[in-house]
Amino acid sequence: MAYHTFRMTLLVAIHLFAAGCDQSKSNQAGNNSPKPTGIPVEALIVQPQILHNRIFTTGSLLANEEVQLRPEIGGRVTGVFFEEGSRVKKGQLMLQINDSELKAQLKRKQIEEKLAADEEQRKRGLLNINGISKEEYERVLNALEVIKAEREIIESQLAKSEILAPFDGVVGLRQVSEGSYVTSNALIATMQQIDPMKVEFSVPEKYAGQIKDGITVKVKVGEMAGDFTGTIYAVESKIEFSTRTIKARARISNPSQVLIPGSFAKVEINLETIKDAIVIPSGAIIPELGGEKVFVYEGGKSKAVPVTTGLRTETGIQIIEGVKSQDTLIVTGLLQMSNGSDVYIKEFK
């Protein structure tokens with residue numbers, strides 16, 4: 001029994017000694033593994049991405065159509081047929097000016113026209129049988145034509161006694177009351193069409209060749225949640241001399257009519273969308289005499305690559321030439337680096 005216990009103790013001791021030797025060898029092997037040499041850097045694998053060429057500006061909202069309602073003739077107002085701030089339809093009667101005298105004149109002129117027309121018909125019959133001279137018939141005919149012209153003048157005056165809505169829209173504050181006397185060109189009210197709306201804005205002249213009809217814009221107004229999307233439909237034909245900007249207008253939908261003409265607007269213009277753009281961090285670009293360069297990682301070395309840059313975003317720069325997809329771009333340790341420096345990547349971004 002004692003011999004058996006001694007033997008078990010000896011086997012355990014041998015096993016522990018062997019395990020300790022293996023651990024010691026393992027530690028020695030780990031300590032002998034080579035350490036990385038060179039400049040420690042962070043890098044990223046260049047990937048193509050969608051790039052939006054956007055510019056930002058400010059503008060003002062305008063009604064799609066706006067008019068000041070003013071009478072063409074003077075007279076007493078006999079009827080006001082709209083409510084302030086209400087929606088009206090095209091052709092709706094808005095205001096009536098006293099037309100009783102004009103109607104009487106028209107009635108008299110219509111009677112005169114009928115008599116003159118009967119006289120012309122009789123004279124024409126006599127002319128056909130040579131009962132009168134041609135000159136006498138032409139005098140009667142001319143008299144009829146004069147009466148017709150006078151009747152048309154009165155009818156046009158009658159039409160001016162009514163103010164009709166020129167389009168579907170919203171009427172503003174009323175400036176006259178029924179029974180008041182208005183002169184020609186007196187302001188009755190303003191009227192606006194606010195669906196769709198227009199937004200007017202200006203951009204620097206360097207974008208003049210890129211601002212075109214059909215370009216999409218996003219508009220943010222005040223504290224309203226969300227954006228309103230629209231399309232540029234007109235661009236001014238000249239550069240504003242004092243500001244060196246060019247003016248443009250876009251239409252935006254306003255079905256709920258929450259937008260108000262005159263409001264301040266922030267405008268985002270998407271000039272173009274590049275689907276497979278190469279964009280790198282701004283900090284990876286190194287300016288040098290005659291151009292710019294970046295460093296890429298190749299086989300443990302840094303390689304200086306001259307680049308041609310394009311669009312700039314808030315965080316990056318588009319590379320047109322010099323860097324391609326799947327290149328390993330070095331983004332840190334650039335100040336202590338030169339072409340062919342030994343580097344190792346400690347982290348990928």
# chains A, B, ... in the order shown; residues from 1 in each chain; ligands from 1
$ select_by_dssp --residues "region 34-187 of chain A" --states "strand (DSSP E)" --output "ChimeraX atom specification"
/A:39-45,48-69,75-80,87-88,93-97,162-164,169-171,181-182
$ write_last_selection --atoms "C-alpha atoms" --output "mmCIF file, in the first residue's frame"
data_model
loop_
_atom_site.group_PDB
_atom_site.id
_atom_site.type_symbol
_atom_site.label_atom_id
_atom_site.label_comp_id
_atom_site.auth_asym_id
_atom_site.auth_seq_id
_atom_site.Cartn_x
_atom_site.Cartn_y
_atom_site.Cartn_z
ATOM 1 C CA ILE A 39 6.128 53.508 -38.821
ATOM 2 C CA PRO A 40 2.857 52.386 -37.207
ATOM 3 C CA VAL A 41 -0.083 53.652 -39.286
ATOM 4 C CA GLU A 42 -3.820 53.387 -39.669
ATOM 5 C CA ALA A 43 -5.197 52.585 -43.100
ATOM 6 C CA LEU A 44 -8.400 51.961 -44.980
ATOM 7 C CA ILE A 45 -9.397 49.999 -48.052
ATOM 8 C CA PRO A 48 -16.366 53.352 -54.421
ATOM 9 C CA GLN A 49 -19.456 55.162 -53.131
ATOM 10 C CA ILE A 50 -22.322 57.356 -54.229
ATOM 11 C CA LEU A 51 -21.387 61.042 -54.213
ATOM 12 C CA HIS A 52 -23.918 63.853 -54.437
ATOM 13 C CA ASN A 53 -22.636 67.151 -55.787
ATOM 14 C CA ARG A 54 -24.734 69.519 -53.684
ATOM 15 C CA ILE A 55 -24.721 73.237 -53.051
ATOM 16 C CA PHE A 56 -26.614 75.028 -50.301
ATOM 17 C CA THR A 57 -28.145 78.482 -50.409
ATOM 18 C CA THR A 58 -31.107 80.467 -49.117
ATOM 19 C CA GLY A 59 -34.128 81.911 -50.837
ATOM 20 C CA SER A 60 -37.705 83.118 -50.508
ATOM 21 C CA LEU A 61 -41.061 81.529 -51.204
ATOM 22 C CA LEU A 62 -43.249 83.126 -53.856
ATOM 23 C CA ALA A 63 -46.820 82.459 -54.895
ATOM 24 C CA ASN A 64 -47.132 80.608 -58.173
ATOM 25 C CA GLU A 65 -49.388 83.434 -59.373
ATOM 26 C CA GLU A 66 -50.118 86.733 -57.638
ATOM 27 C CA VAL A 67 -52.312 89.652 -58.644
ATOM 28 C CA GLN A 68 -53.689 92.845 -57.188
ATOM 29 C CA LEU A 69 -57.398 93.165 -57.869
ATOM 30 C CA GLY A 75 -68.036 103.927 -59.403
ATOM 31 C CA ARG A 76 -70.024 102.909 -56.359
ATOM 32 C CA VAL A 77 -69.522 99.365 -55.061
ATOM 33 C CA THR A 78 -72.856 97.548 -55.144
ATOM 34 C CA GLY A 79 -71.615 94.112 -54.087
ATOM 35 C CA VAL A 80 -68.629 92.351 -52.519
ATOM 36 C CA ARG A 87 -60.395 80.215 -51.565
ATOM 37 C CA VAL A 88 -61.993 81.288 -54.807
ATOM 38 C CA LEU A 93 -67.468 87.265 -59.289
ATOM 39 C CA MET A 94 -65.482 89.162 -56.653
ATOM 40 C CA LEU A 95 -66.845 92.721 -56.777
ATOM 41 C CA GLN A 96 -69.598 94.587 -58.597
ATOM 42 C CA ILE A 97 -69.541 98.300 -59.454
ATOM 43 C CA GLU A 162 -67.319 93.330 -62.652
ATOM 44 C CA ILE A 163 -64.089 92.044 -61.108
ATOM 45 C CA LEU A 164 -63.660 88.298 -61.641
ATOM 46 C CA GLY A 169 -56.421 80.826 -55.444
ATOM 47 C CA VAL A 170 -56.684 82.504 -52.058
ATOM 48 C CA VAL A 171 -57.833 86.089 -51.654
ATOM 49 C CA TYR A 181 -66.972 104.784 -54.076
ATOM 50 C CA VAL A 182 -63.845 103.483 -55.780
#
$ residues_around --residues "region 218-226 of chain A" --least-positions-apart "2" --cutoff "10 Å" --atoms "only C-alpha atoms" --output "compact mmCIF listing (two decimals) with N, CA and C atoms, in the first residue's frame"
# COMPACT_ATOMS: atom_id res chain seq x y z
N PHE A 56 -25.60 74.56 -51.25
CA PHE A 56 -26.61 75.03 -50.30
C PHE A 56 -26.71 76.55 -50.38
N THR A 57 -27.92 77.04 -50.35
CA THR A 57 -28.14 78.48 -50.41
C THR A 57 -29.45 78.80 -49.69
N THR A 58 -29.85 80.04 -49.72
CA THR A 58 -31.11 80.47 -49.12
C THR A 58 -31.95 81.19 -50.16
N GLY A 59 -33.24 81.25 -49.90
CA GLY A 59 -34.13 81.91 -50.84
C GLY A 59 -35.42 82.33 -50.18
N SER A 60 -36.40 82.67 -51.00
CA SER A 60 -37.71 83.12 -50.51
C SER A 60 -38.80 82.40 -51.27
N LEU A 61 -39.90 82.15 -50.57
CA LEU A 61 -41.06 81.53 -51.20
C LEU A 61 -41.90 82.60 -51.90
N VAL A 199 -39.95 78.89 -55.29
CA VAL A 199 -38.87 79.32 -54.41
C VAL A 199 -37.81 79.97 -55.28
N THR A 216 -33.22 68.83 -59.40
CA THR A 216 -34.01 68.67 -58.18
C THR A 216 -33.47 69.53 -57.04
N PHE A 228 -39.41 69.90 -48.50
CA PHE A 228 -40.27 69.96 -49.66
C PHE A 228 -39.40 69.81 -50.91
N THR A 229 -39.80 68.93 -51.80
CA THR A 229 -39.01 68.65 -52.99
C THR A 229 -39.60 69.38 -54.19
N GLY A 230 -38.72 69.93 -55.00
CA GLY A 230 -39.17 70.65 -56.18
C GLY A 230 -38.19 70.51 -57.33
N THR A 231 -38.47 71.23 -58.41
CA THR A 231 -37.66 71.16 -59.63
C THR A 231 -37.44 72.56 -60.17
N ALA A 250 -37.58 77.55 -58.64
CA ALA A 250 -38.06 76.16 -58.68
C ALA A 250 -39.50 76.14 -58.20
N ILE A 252 -42.37 73.95 -56.08
CA ILE A 252 -42.54 72.90 -55.08
C ILE A 252 -44.02 72.72 -54.80
N VAL A 258 -49.68 74.80 -46.50
CA VAL A 258 -49.08 75.25 -45.24
C VAL A 258 -47.97 76.27 -45.50
N LEU A 259 -47.46 76.31 -46.72
CA LEU A 259 -46.40 77.26 -47.05
C LEU A 259 -47.01 78.63 -47.35
N ILE A 260 -46.30 79.67 -46.91
CA ILE A 260 -46.80 81.04 -47.06
C ILE A 260 -45.83 81.84 -47.90
N SER A 263 -41.95 83.54 -47.12
CA SER A 263 -41.20 82.83 -46.07
C SER A 263 -39.75 82.64 -46.49
N PHE A 264 -38.87 82.62 -45.48
CA PHE A 264 -37.45 82.33 -45.69
C PHE A 264 -37.28 80.83 -45.91
N ALA A 265 -36.43 80.45 -46.85
CA ALA A 265 -36.25 79.04 -47.18
C ALA A 265 -34.76 78.70 -47.29
N LYS A 266 -34.41 77.51 -46.79
CA LYS A 266 -33.08 76.94 -47.01
C LYS A 266 -33.18 75.97 -48.18
N VAL A 267 -32.29 76.13 -49.15
CA VAL A 267 -32.39 75.38 -50.39
C VAL A 267 -31.15 74.51 -50.58
N GLU A 268 -31.38 73.23 -50.86
CA GLU A 268 -30.31 72.28 -51.19
C GLU A 268 -30.49 71.86 -52.64
N ILE A 269 -29.44 72.07 -53.44
CA ILE A 269 -29.52 71.80 -54.88
C ILE A 269 -28.60 70.63 -55.22
N ASN A 270 -29.15 69.59 -55.79
CA ASN A 270 -28.37 68.42 -56.18
C ASN A 270 -27.97 68.57 -57.65
$ closest_residue --among "A:Glu321, A:Lys293, A:Lys89, A:Val140" --to "Gln193 (chain A)" --atoms "only C-alpha atoms"
A:Lys89
$ closest_residue --among "A:Arg174, A:Lys212, A:Arg108, A:Lys103" --to "Leu187 (chain A)" --atoms "only C-alpha atoms"
A:Arg174
$ closest_residue --among "A:Lys198, A:Lys160, A:Lys134, A:Lys206" --to "Gly262 (chain A)" --atoms "only C-alpha atoms"
A:Lys198
$ closest_residue --among "A:Glu136, A:Phe241, A:Lys90, A:Asn142" --to "Phe167 (chain A)" --atoms "only C-alpha atoms"
A:Lys90
$ residues_around --residues "region 326-337 of chain A" --least-positions-apart "4" --cutoff "12 Å" --atoms "only C-alpha atoms" --output "ChimeraX atom specification"
/A:38-48,278-287,293-305,322,341-349
